[in-house]
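Q: My structure file data.csv, CSV, C-alpha atoms, is below:
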chain,number,residue,atom,x,y,z
A,1,MET,CA,-6.3,80.4,-30.7
A,2,GLU,CA,-9.5,82.2,-31.7
A,3,LYS,CA,-10.0,85.7,-30.3
A,4,GLU,CA,-12.6,86.2,-27.5
A,5,PRO,CA,-15.7,87.8,-29.0
A,6,LEU,CA,-16.5,91.3,-27.8
A,7,VAL,CA,-20.1,90.2,-27.0
A,8,ARG,CA,-21.3,86.6,-26.2
A,9,VAL,CA,-25.0,86.0,-25.6
A,10,ALA,CA,-25.8,82.6,-24.3
A,11,LYS,CA,-29.3,81.0,-23.8
A,12,LEU,CA,-30.8,84.5,-23.1
A,13,LYS,CA,-34.4,84.6,-22.0
A,14,LYS,CA,-36.7,87.5,-21.1
A,15,HIS,CA,-40.3,86.8,-20.1
A,16,PHE,CA,-42.6,89.6,-19.0
A,17,SER,CA,-45.4,88.9,-16.5
A,18,VAL,CA,-48.9,89.8,-17.6
A,19,LYS,CA,-51.9,89.7,-15.3
A,20,LYS,CA,-55.3,88.7,-16.9
A,21,GLY,CA,-58.8,88.1,-15.8
A,22,ILE,CA,-61.4,90.3,-14.0
A,23,LEU,CA,-59.4,90.3,-10.7
A,24,LYS,CA,-56.0,90.2,-12.5
A,25,ARG,CA,-55.2,86.9,-10.7
A,26,LYS,CA,-54.2,84.9,-13.8
A,27,GLU,CA,-50.6,85.3,-14.5
A,28,GLN,CA,-49.1,84.7,-18.0
A,29,PHE,CA,-45.8,85.4,-19.5
A,30,VAL,CA,-44.9,87.2,-22.8
A,31,LYS,CA,-41.9,85.3,-24.1
A,32,ALA,CA,-40.2,88.3,-25.7
A,33,VAL,CA,-36.8,86.6,-25.9
A,34,ASP,CA,-36.6,82.9,-25.6
A,35,ASP,CA,-33.3,81.0,-25.6
A,36,VAL,CA,-31.2,83.3,-27.9
A,37,SER,CA,-27.5,82.8,-28.4
A,38,PHE,CA,-25.0,84.6,-30.7
A,39,GLU,CA,-21.6,86.3,-30.7
A,40,ILE,CA,-20.3,89.7,-32.0
A,41,SER,CA,-16.7,90.0,-32.9
A,42,LYS,CA,-14.7,93.2,-32.3
A,43,GLY,CA,-15.0,95.5,-35.2
A,44,GLU,CA,-17.9,93.8,-37.0
A,45,ASN,CA,-21.4,94.9,-37.7
A,46,LEU,CA,-24.1,92.4,-36.8
A,47,ALA,CA,-27.7,93.2,-37.9
A,48,LEU,CA,-30.6,91.8,-35.9
A,49,VAL,CA,-33.6,91.7,-38.1
A,50,GLY,CA,-37.2,90.7,-37.9
A,51,GLU,CA,-40.8,91.9,-37.8
A,52,SER,CA,-42.0,94.3,-35.1
A,53,GLY,CA,-42.6,92.4,-31.9
A,54,CYS,CA,-40.1,89.7,-32.6
A,55,GLY,CA,-37.9,90.6,-29.6
A,56,LYS,CA,-34.9,92.3,-31.3
A,57,THR,CA,-35.1,95.6,-29.3
A,58,THR,CA,-35.6,93.7,-26.1
A,59,THR,CA,-32.5,91.7,-26.9
A,60,ALA,CA,-30.6,95.0,-27.4
A,61,ARG,CA,-31.8,96.4,-24.1
A,62,LEU,CA,-30.7,93.3,-22.3
A,63,ILE,CA,-27.2,93.6,-23.8
A,64,LEU,CA,-27.1,97.2,-22.6
A,65,ARG,CA,-28.2,96.2,-19.1
A,66,LEU,CA,-31.3,98.3,-19.4
A,67,LEU,CA,-33.3,95.2,-18.6
A,68,ASP,CA,-32.5,92.2,-16.4
A,69,PRO,CA,-32.9,88.8,-18.0
A,70,THR,CA,-35.2,85.9,-16.9
A,71,SER,CA,-32.2,83.6,-17.5
A,72,GLY,CA,-29.1,83.3,-19.6
A,73,SER,CA,-25.9,85.3,-19.7
A,74,ILE,CA,-24.2,88.1,-21.6
A,75,SER,CA,-20.5,88.6,-21.5
A,76,PHE,CA,-18.8,91.8,-22.7
A,77,ALA,CA,-15.1,91.8,-23.2
A,78,GLY,CA,-14.9,88.6,-21.1
A,79,LYS,CA,-17.0,90.0,-18.2
A,80,ASP,CA,-20.5,88.7,-17.3
A,81,LEU,CA,-22.6,91.8,-17.4
A,82,PHE,CA,-25.1,90.4,-14.8
A,83,ASP,CA,-22.4,89.6,-12.3
A,84,LEU,CA,-21.1,93.2,-12.1
A,85,THR,CA,-21.6,95.4,-9.0
A,86,GLU,CA,-23.1,98.8,-9.5
A,87,GLU,CA,-19.7,100.5,-9.4
A,88,GLU,CA,-18.3,98.0,-12.0
A,89,LEU,CA,-21.3,98.5,-14.2
A,90,ARG,CA,-20.9,102.3,-14.0
A,91,LEU,CA,-17.3,102.0,-15.1
A,92,ILE,CA,-18.2,99.8,-18.1
A,93,ARG,CA,-21.2,101.9,-19.1
A,94,PRO,CA,-19.2,104.3,-21.4
A,95,GLN,CA,-18.2,101.3,-23.5
A,96,LEU,CA,-21.9,100.4,-24.3
A,97,GLN,CA,-23.8,103.1,-26.1
A,98,LEU,CA,-27.1,103.4,-27.9
A,99,VAL,CA,-28.4,105.4,-30.9
A,100,PHE,CA,-32.2,105.7,-30.6
A,101,GLN,CA,-34.8,105.3,-33.4
A,102,ASP,CA,-36.3,108.8,-32.9
A,103,PRO,CA,-33.6,111.4,-32.7
A,104,TYR,CA,-36.0,114.2,-31.6
A,105,ALA,CA,-37.6,112.2,-28.7
A,106,SER,CA,-34.1,111.2,-27.5
A,107,LEU,CA,-32.8,114.7,-27.1
A,108,ASN,CA,-33.8,117.0,-24.3
A,109,PRO,CA,-35.6,120.0,-25.9
A,110,ARG,CA,-34.6,122.3,-23.1
A,111,LYS,CA,-30.9,121.7,-23.4
A,112,THR,CA,-28.5,123.2,-26.0
A,113,ILE,CA,-26.3,120.9,-28.1
A,114,LYS,CA,-23.3,122.0,-26.0
A,115,GLN,CA,-25.0,120.8,-22.8
A,116,ILE,CA,-26.3,117.5,-24.4
A,117,LEU,CA,-22.9,116.5,-25.8
A,118,GLY,CA,-21.0,117.8,-22.8
A,119,LYS,CA,-23.0,115.6,-20.4
A,120,PRO,CA,-21.1,112.3,-21.0
A,121,PHE,CA,-17.8,114.0,-20.3
A,122,SER,CA,-19.0,115.7,-17.1
A,123,LEU,CA,-20.4,112.4,-15.8
A,124,HIS,CA,-17.5,110.1,-16.7
A,125,THR,CA,-14.4,112.2,-17.0
A,126,ASP,CA,-12.5,114.9,-15.0
A,127,LEU,CA,-12.1,117.2,-17.9
A,128,THR,CA,-12.3,121.0,-17.3
A,129,LYS,CA,-15.2,123.0,-18.7
A,130,GLU,CA,-12.9,124.4,-21.5
A,131,LYS,CA,-11.7,120.9,-22.5
A,132,ILE,CA,-15.3,119.6,-22.6
A,133,GLU,CA,-16.2,122.5,-24.9
A,134,ASP,CA,-13.3,121.5,-27.2
A,135,GLU,CA,-14.5,117.9,-27.2
A,136,VAL,CA,-18.0,119.0,-28.1
A,137,LEU,CA,-16.7,121.0,-31.1
A,138,ARG,CA,-14.6,118.0,-32.1
A,139,LEU,CA,-17.6,115.6,-32.0
A,140,LEU,CA,-19.7,118.0,-34.2
A,141,GLU,CA,-16.9,118.1,-36.7
A,142,ILE,CA,-16.6,114.3,-36.8
A,143,VAL,CA,-20.3,113.8,-37.5
A,144,GLY,CA,-20.4,116.4,-40.3
A,145,LEU,CA,-21.9,119.4,-38.5
A,146,SER,CA,-19.4,122.1,-39.6
A,147,PRO,CA,-18.4,124.7,-38.7
A,148,PRO,CA,-19.3,123.4,-35.2
A,149,ALA,CA,-19.4,126.9,-33.6
A,150,LEU,CA,-22.7,127.6,-35.4
A,151,PHE,CA,-24.4,124.6,-33.8
A,152,VAL,CA,-23.3,124.4,-30.1
A,153,ASP,CA,-25.7,127.0,-28.7
A,154,ARG,CA,-28.8,125.8,-30.6
A,155,HIS,CA,-31.6,123.6,-29.3
A,156,PRO,CA,-32.8,120.3,-30.9
A,157,HIS,CA,-35.9,121.8,-32.5
A,158,GLU,CA,-33.7,124.1,-34.6
A,159,PHE,CA,-32.2,121.1,-36.5
A,160,SER,CA,-33.6,118.8,-39.3
A,161,GLY,CA,-34.1,115.1,-38.6
A,162,GLY,CA,-30.9,114.1,-40.2
A,163,GLN,CA,-28.9,116.7,-38.2
A,164,ARG,CA,-30.5,115.5,-35.0
A,165,GLN,CA,-29.5,112.0,-35.7
A,166,ARG,CA,-26.0,113.1,-36.3
A,167,ILE,CA,-26.1,114.8,-32.9
A,168,CYS,CA,-27.4,111.5,-31.3
A,169,ILE,CA,-24.5,109.6,-33.0
A,170,ALA,CA,-22.0,112.2,-31.7
A,171,ARG,CA,-23.3,111.7,-28.2
A,172,ALA,CA,-23.0,107.9,-28.6
A,173,ILE,CA,-19.4,108.0,-29.7
A,174,ALA,CA,-18.3,110.7,-27.2
A,175,LEU,CA,-16.5,108.4,-24.8
A,176,ASN,CA,-15.0,106.1,-27.5
A,177,PRO,CA,-17.3,103.1,-26.9
A,178,SER,CA,-16.5,99.6,-28.0
A,179,LEU,CA,-20.1,98.7,-28.8
A,180,VAL,CA,-22.8,100.9,-30.3
A,181,VAL,CA,-26.4,99.6,-30.5
A,182,ALA,CA,-28.2,101.4,-33.4
A,183,ASP,CA,-31.9,100.8,-33.0
A,184,GLU,CA,-33.6,101.5,-36.3
A,185,PRO,CA,-31.2,104.5,-36.8
A,186,VAL,CA,-32.7,105.7,-40.1
A,187,SER,CA,-36.4,104.5,-40.0
A,188,ALA,CA,-37.6,107.9,-38.7
A,189,LEU,CA,-35.6,109.9,-41.4
A,190,ASP,CA,-36.4,111.1,-44.9
A,191,VAL,CA,-35.3,108.7,-47.6
A,192,SER,CA,-33.0,111.5,-49.0
A,193,VAL,CA,-30.8,111.5,-45.8
A,194,ARG,CA,-30.8,107.8,-44.9
A,195,ALA,CA,-27.8,107.0,-47.1
A,196,GLN,CA,-25.9,109.9,-45.5
A,197,ILE,CA,-26.4,108.6,-42.0
A,198,LEU,CA,-25.6,105.0,-43.0
A,199,ASN,CA,-22.4,106.3,-44.7
A,200,LEU,CA,-21.5,108.2,-41.5
A,201,LEU,CA,-21.9,105.0,-39.4
A,202,LYS,CA,-19.7,103.1,-41.7
A,203,ASP,CA,-17.1,105.9,-41.8
A,204,LEU,CA,-17.0,106.0,-38.0
A,205,GLN,CA,-16.6,102.3,-37.8
A,206,THR,CA,-13.5,102.5,-40.0
A,207,ARG,CA,-12.0,105.5,-38.2
A,208,LEU,CA,-12.8,104.6,-34.6
A,209,GLY,CA,-13.0,100.8,-34.7
A,210,ILE,CA,-16.5,100.7,-33.3
A,211,THR,CA,-18.5,97.5,-33.2
A,212,TYR,CA,-22.2,97.8,-34.1
A,213,LEU,CA,-25.3,95.9,-33.3
A,214,LEU,CA,-27.8,97.1,-35.8
A,215,ILE,CA,-31.5,96.6,-35.0
A,216,THR,CA,-33.7,96.9,-38.1
A,217,HIS,CA,-36.5,95.4,-40.2
A,218,ASP,CA,-35.1,97.0,-43.5
A,219,LEU,CA,-33.0,94.4,-45.3
A,220,ALA,CA,-31.8,97.1,-47.7
A,221,VAL,CA,-30.1,98.8,-44.8
A,222,VAL,CA,-28.6,95.4,-43.7
A,223,ARG,CA,-27.1,94.8,-47.2
A,224,SER,CA,-25.4,98.2,-47.3
A,225,VAL,CA,-23.7,98.3,-43.8
A,226,SER,CA,-23.6,94.9,-42.1
A,227,ASN,CA,-21.1,92.0,-42.2
A,228,ARG,CA,-23.4,89.4,-40.6
A,229,VAL,CA,-27.1,89.1,-40.0
A,230,ALA,CA,-29.2,87.3,-37.4
A,231,VAL,CA,-32.9,86.7,-38.3
A,232,MET,CA,-35.3,86.7,-35.4
A,233,TYR,CA,-38.9,85.4,-35.3
A,234,LEU,CA,-41.2,85.4,-32.2
A,235,GLY,CA,-38.4,85.5,-29.7
A,236,LYS,CA,-36.1,83.0,-31.3
A,237,LEU,CA,-33.2,83.1,-33.8
A,238,VAL,CA,-34.1,81.2,-37.0
A,239,GLU,CA,-31.0,82.0,-39.1
A,240,VAL,CA,-27.5,83.5,-38.7
A,241,GLY,CA,-25.1,84.0,-41.5
A,242,GLU,CA,-22.9,86.3,-43.6
A,243,VAL,CA,-24.9,89.0,-45.4
A,244,SER,CA,-23.6,88.1,-48.9
A,245,GLU,CA,-24.5,84.4,-48.5
A,246,LEU,CA,-27.9,85.1,-46.9
A,247,PHE,CA,-29.0,87.4,-49.6
A,248,LYS,CA,-27.8,85.0,-52.3
A,249,GLU,CA,-29.3,81.8,-50.8
A,250,PRO,CA,-31.5,82.2,-47.7
A,251,LEU,CA,-31.8,79.0,-45.8
A,252,HIS,CA,-34.9,79.6,-43.7
A,253,PRO,CA,-38.4,80.1,-45.2
A,254,TYR,CA,-38.9,83.2,-43.0
A,255,THR,CA,-35.7,84.8,-44.3
A,256,GLU,CA,-36.8,84.0,-47.8
A,257,ALA,CA,-40.1,85.7,-47.1
A,258,LEU,CA,-38.4,88.9,-45.8
A,259,LEU,CA,-36.2,89.0,-48.9
A,260,SER,CA,-39.3,88.6,-51.1
A,261,ALA,CA,-40.8,91.7,-49.5
A,262,THR,CA,-37.7,93.8,-50.3
A,263,PRO,CA,-38.3,95.9,-53.4
A,264,ILE,CA,-36.0,95.5,-56.5
A,265,PRO,CA,-35.4,98.6,-58.6
A,266,ASP,CA,-35.5,96.6,-61.8
A,267,PRO,CA,-39.1,95.9,-62.8
A,268,GLU,CA,-38.2,92.9,-65.0
A,269,LYS,CA,-36.2,91.2,-62.2
A,270,SER,CA,-39.0,92.0,-59.7
A,271,ARG,CA,-41.6,90.3,-61.9
A,272,SER,CA,-39.5,87.3,-62.6
A,273,ARG,CA,-38.4,86.8,-58.9
A,274,GLU,CA,-40.0,83.9,-57.1
A,275,LYS,CA,-41.8,85.3,-54.0
A,276,MET,CA,-42.8,83.6,-50.8
A,277,ILE,CA,-46.0,85.1,-49.5
A,278,LEU,CA,-46.7,84.5,-45.8
A,279,ARG,CA,-50.2,83.7,-44.6
A,280,GLY,CA,-51.9,84.7,-41.4
A,281,ASP,CA,-50.5,86.8,-38.6
A,282,VAL,CA,-47.7,86.5,-36.1
A,283,PRO,CA,-48.9,84.3,-33.2
A,284,SER,CA,-49.1,85.7,-29.7
A,285,PRO,CA,-45.8,85.5,-27.7
A,286,ILE,CA,-47.8,84.7,-24.7
A,287,ASP,CA,-48.9,81.4,-26.2
A,288,PRO,CA,-46.5,80.5,-29.0
A,289,PRO,CA,-47.4,77.5,-31.2
A,290,PRO,CA,-45.8,74.1,-30.5
A,291,GLY,CA,-43.0,72.8,-32.6
A,292,CYS,CA,-41.5,75.4,-35.0
A,293,ARG,CA,-43.0,78.8,-34.1
A,294,PHE,CA,-43.1,79.7,-37.8
A,295,HIS,CA,-45.1,76.6,-39.0
A,296,THR,CA,-48.5,78.4,-38.7
A,297,ARG,CA,-47.4,80.8,-41.5
A,298,CYS,CA,-44.9,78.7,-43.5
A,299,PRO,CA,-46.2,77.3,-46.9
A,300,LEU,CA,-43.5,74.6,-46.7
A,301,ALA,CA,-44.4,73.3,-43.2
A,302,MET,CA,-44.4,69.5,-42.6
A,303,GLU,CA,-46.0,67.4,-39.9
A,304,LYS,CA,-42.7,67.3,-38.1
A,305,CYS,CA,-42.7,71.1,-37.9
A,306,ARG,CA,-45.9,71.1,-36.0
A,307,LYS,CA,-44.6,68.8,-33.2
A,308,LEU,CA,-40.8,69.2,-32.9
A,309,GLU,CA,-39.0,72.5,-32.3
A,310,PRO,CA,-35.9,72.9,-34.6
A,311,GLN,CA,-32.6,73.9,-33.1
A,312,LEU,CA,-29.9,76.1,-34.7
A,313,ALA,CA,-27.5,74.0,-36.6
A,314,GLY,CA,-24.5,74.8,-38.8
A,315,ILE,CA,-25.0,74.5,-42.6
A,316,LYS,CA,-23.2,76.2,-45.5
A,317,GLY,CA,-21.2,78.4,-43.3
A,318,GLY,CA,-24.2,79.7,-41.4
A,319,LEU,CA,-26.7,78.6,-38.8
A,320,VAL,CA,-30.4,77.8,-39.4
A,321,ALA,CA,-33.2,76.4,-37.3
A,322,CYS,CA,-35.4,74.5,-39.9
A,323,HIS,CA,-36.4,70.9,-40.3
A,324,LEU,CA,-36.2,71.4,-44.1
A,325,ARG,CA,-32.5,71.8,-43.8
A,326,ALA,CA,-31.9,68.9,-41.4
Translate the structure described by the file into structure tokens.
A:
Amino acid sequence: MEKEPLVRVAKLKKHFSVKKGILKRKEQFVKAVDDVSFEISKGENLALVGESGCGKTTTARLILRLLDPTSGSISFAGKDLFDLTEEELRLIRPQLQLVFQDPYASLNPRKTIKQILGKPFSLHTDLTKEKIEDEVLRLLEIVGLSPPALFVDRHPHEFSGGQRQRICIARAIALNPSLVVADEPVSALDVSVRAQILNLLKDLQTRLGITYLLITHDLAVVRSVSNRVAVMYLGKLVEVGEVSELFKEPLHPYTEALLSATPIPDPEKSRSREKMILRGDVPSPIDPPPGCRFHTRCPLAMEKCRKLEPQLAGIKGGLVACHLRA
């Protein structure tokens, strides 16, 4: 029998109401997430990629129960997250953690690192003050801030961007979570420290058995840390597959366009590579185009693409929603 996935997302939708008109009487809906389904196995690293505004962060917030869905379901460790009572949700919260994009904005500037990292333990455990201080020192050691005694009484503004992100990661892993959502964890950092943070995330996954949902638009990050990748466009998944296969042979034109925009260090290979250049802008999620939502920008679009919406279907070990692959 196949193992139950840690996270199962089924037909998930999130539509935000928007009032328009002079008297704000006309109601429309932003279809941020529109019929999304995928699974995350225990111990894997799934990357959710796409342009800004495609709905990937909204999907992550739904999984963390920071938003309620319009429809659909999300199960975590076999439990439907939207059927839980407040007390049941409180008990499961430590298993679902988040690493924010901006490490400075996500840390309270008035608190010391000891207070910031000690808060999860004071909220969810019965540890004594001395034991909590020991746990804080242990966390700082794990994320590479050593010797930890030098850092516990400092405030966030006294650290560099990379050090602050290490503190955010330490806070996320404090209660041994099963799932960590990393929302653009290195996009706000200097290029020189990005590799260090990515290596830290991979090391923690090996040591602690953490499962990651990585939200990013940087395919170079995906290639270095993820096992599988799900490509999202205008609220829908257009391709899901293993990272190695997707980079070698993308199945959807949008995935191919994303890969074309990824720089290659070798100038000769970069010049010889066939590139897919997209035209136009992303349509409004309030009024998405009929048929395939990507057809307005796709250079390979057919008449069928303008009328009929493609569905995710299995092909070459992955999933793709494209009439060209039917």
Q: Please provide as a ChimeraX atom specification all residues within 12 Å of Ile132 in chain A, with the sequence filter that same-chain residues fewer than 3 positions apart are discarded (counting all atoms listed in the file).
A: /A:114-129,135-139,152,174-175
Q: So which residues fall inside 6 Å of (-28.1, 101.8, -25.8) if we count all atoms listed in the file? Mind giving them as a list in words?
A: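 Final list of nearby residues, as requested, is Leu64, Gln97, Leu98 and Val181 of chain A.
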Q: Work out how far apart CA of Asp35 in chain A and CA of Ser73 in chain A are and give it in Å to one decimal.
A: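 Computing the Euclidean distance for CA of Asp35 in chain A and CA of Ser73 in chain A yields 10.4 Å.
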Q: Between A:Ala105, A:Leu213, A:Ile173, A:Leu189, single out the one closest to Ala60 in chain A, counting all atoms listed in the file.
A: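 Using all atoms listed in the file, the shortest distance to Ala60 in chain A belongs to A:Leu213.
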Q: Kindly indicate which residue among A:Pro156, A:Gly314, A:Gly144, A:Gly72 lies nearest to Thr112 in chain A, using only C-alpha atoms for the distances.
A: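 Selected residue with least distance to Thr112 in chain A: A:Pro156.
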Q: In Å to one decimal, how far is CA of Lys316 in chain A from CA of Leu201 in chain A?
A: 29.5 Å
Q: In terms of the shortest atom-to-atom distance over only C-alpha atoms, which of A:Val186, A:Val99, A:His252, A:Lys131 is closest to Ala170 in chain A?
A: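 So, comparing all the options, the nearest one is A:Val99.
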Q: From the list A:Phe100, A:Ile286, A:Ala172, A:Thr296, which residue is nearest Lys20 in chain A when using only C-alpha atoms?
A: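 Selected residue with least distance to Lys20 in chain A: A:Ile286.
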Q: Please identify all polymer residues within 12 Å of Ser226 in chain A, counting all atoms listed in the file, omitting same-chain residues fewer than 5 positions from it, and present them as an mmCIF file with C-alpha atoms, in the coordinates of the input.
A:
data_model
loop_
_atom_site.group_PDB
_atom_site.id
_atom_site.type_symbol
_atom_site.label_atom_id
_atom_site.label_comp_id
_atom_site.auth_asym_id
_atom_site.auth_seq_id
_atom_site.Cartn_x
_atom_site.Cartn_y
_atom_site.Cartn_z
ATOM 1 C CA ILE A 40 -20.300 89.700 -32.000
ATOM 2 C CA GLY A 43 -15.000 95.500 -35.200
ATOM 3 C CA GLU A 44 -17.900 93.800 -37.000
ATOM 4 C CA ASN A 45 -21.400 94.900 -37.700
ATOM 5 C CA LEU A 46 -24.100 92.400 -36.800
ATOM 6 C CA ALA A 47 -27.700 93.200 -37.900
ATOM 7 C CA LEU A 48 -30.600 91.800 -35.900
ATOM 8 C CA VAL A 49 -33.600 91.700 -38.100
ATOM 9 C CA ALA A 182 -28.200 101.400 -33.400
ATOM 10 C CA LEU A 198 -25.600 105.000 -43.000
ATOM 11 C CA ASN A 199 -22.400 106.300 -44.700
ATOM 12 C CA LEU A 201 -21.900 105.000 -39.400
ATOM 13 C CA LYS A 202 -19.700 103.100 -41.700
ATOM 14 C CA GLN A 205 -16.600 102.300 -37.800
ATOM 15 C CA THR A 211 -18.500 97.500 -33.200
ATOM 16 C CA TYR A 212 -22.200 97.800 -34.100
ATOM 17 C CA LEU A 213 -25.300 95.900 -33.300
ATOM 18 C CA LEU A 214 -27.800 97.100 -35.800
ATOM 19 C CA ILE A 215 -31.500 96.600 -35.000
ATOM 20 C CA THR A 216 -33.700 96.900 -38.100
ATOM 21 C CA ASP A 218 -35.100 97.000 -43.500
ATOM 22 C CA LEU A 219 -33.000 94.400 -45.300
ATOM 23 C CA ALA A 220 -31.800 97.100 -47.700
ATOM 24 C CA VAL A 221 -30.100 98.800 -44.800
ATOM 25 C CA GLY A 241 -25.100 84.000 -41.500
ATOM 26 C CA GLU A 242 -22.900 86.300 -43.600
ATOM 27 C CA VAL A 243 -24.900 89.000 -45.400
ATOM 28 C CA SER A 244 -23.600 88.100 -48.900
ATOM 29 C CA LEU A 246 -27.900 85.100 -46.900
ATOM 30 C CA PHE A 247 -29.000 87.400 -49.600
#
Q: Between CA of Ile22 in chain A and CA of Pro290 in chain A, what is the distance in Å, rounded to a tenth?
A: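 If I compute the distance from CA of Ile22 in chain A to CA of Pro290 in chain A, I get 27.9 Å.
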Q: Considering only C-alpha atoms, state which residue in the set A:Gln28, A:Ser52, A:Asn176, A:Leu107 is at the smallest distance from Ile92 in chain A.
A: A:Asn176
Q: For range 235-239 of chain A, work out the shell of residues within 8 Å, counting only C-alpha atoms and skipping chain neighbours fewer than 5 positions away, then give it as a ChimeraX atom specification.
A: /A:31-37,54-56,230,251-252,254-255,285,312,318-322
Q: Given the selection you just returned, output its residues as a file containing C-alpha atoms, formatted as an mmCIF file, in the frame of the given file.
A:
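And here's result_26.cif as it stands now:
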data_model
loop_
_atom_site.group_PDB
_atom_site.id
_atom_site.type_symbol
_atom_site.label_atom_id
_atom_site.label_comp_id
_atom_site.auth_asym_id
_atom_site.auth_seq_id
_atom_site.Cartn_x
_atom_site.Cartn_y
_atom_site.Cartn_z
ATOM 1 C CA LYS A 31 -41.900 85.300 -24.100
ATOM 2 C CA ALA A 32 -40.200 88.300 -25.700
ATOM 3 C CA VAL A 33 -36.800 86.600 -25.900
ATOM 4 C CA ASP A 34 -36.600 82.900 -25.600
ATOM 5 C CA ASP A 35 -33.300 81.000 -25.600
ATOM 6 C CA VAL A 36 -31.200 83.300 -27.900
ATOM 7 C CA SER A 37 -27.500 82.800 -28.400
ATOM 8 C CA CYS A 54 -40.100 89.700 -32.600
ATOM 9 C CA GLY A 55 -37.900 90.600 -29.600
ATOM 10 C CA LYS A 56 -34.900 92.300 -31.300
ATOM 11 C CA ALA A 230 -29.200 87.300 -37.400
ATOM 12 C CA LEU A 251 -31.800 79.000 -45.800
ATOM 13 C CA HIS A 252 -34.900 79.600 -43.700
ATOM 14 C CA TYR A 254 -38.900 83.200 -43.000
ATOM 15 C CA THR A 255 -35.700 84.800 -44.300
ATOM 16 C CA PRO A 285 -45.800 85.500 -27.700
ATOM 17 C CA LEU A 312 -29.900 76.100 -34.700
ATOM 18 C CA GLY A 318 -24.200 79.700 -41.400
ATOM 19 C CA LEU A 319 -26.700 78.600 -38.800
ATOM 20 C CA VAL A 320 -30.400 77.800 -39.400
ATOM 21 C CA ALA A 321 -33.200 76.400 -37.300
ATOM 22 C CA CYS A 322 -35.400 74.500 -39.900
#
Q: Using all atoms listed in the file, which residue out of A:Thr262, A:Asn108, A:Ser17, A:Thr57 lies closest to Ile167 in chain A?
A: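 Counting all atoms listed in the file, the residue closest to Ile167 in chain A is A:Asn108.
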Q: For Gly78 in chain A, list every protein, DNA or RNA residue within 9 Å, evaluated using all atoms listed in the file, and leave out those in the same chain fewer than 5 positions away; present the list as a list in words.
A: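 Result of the neighbour search: Glu4, Pro5, Leu6, Val7 and Arg8 of chain A.
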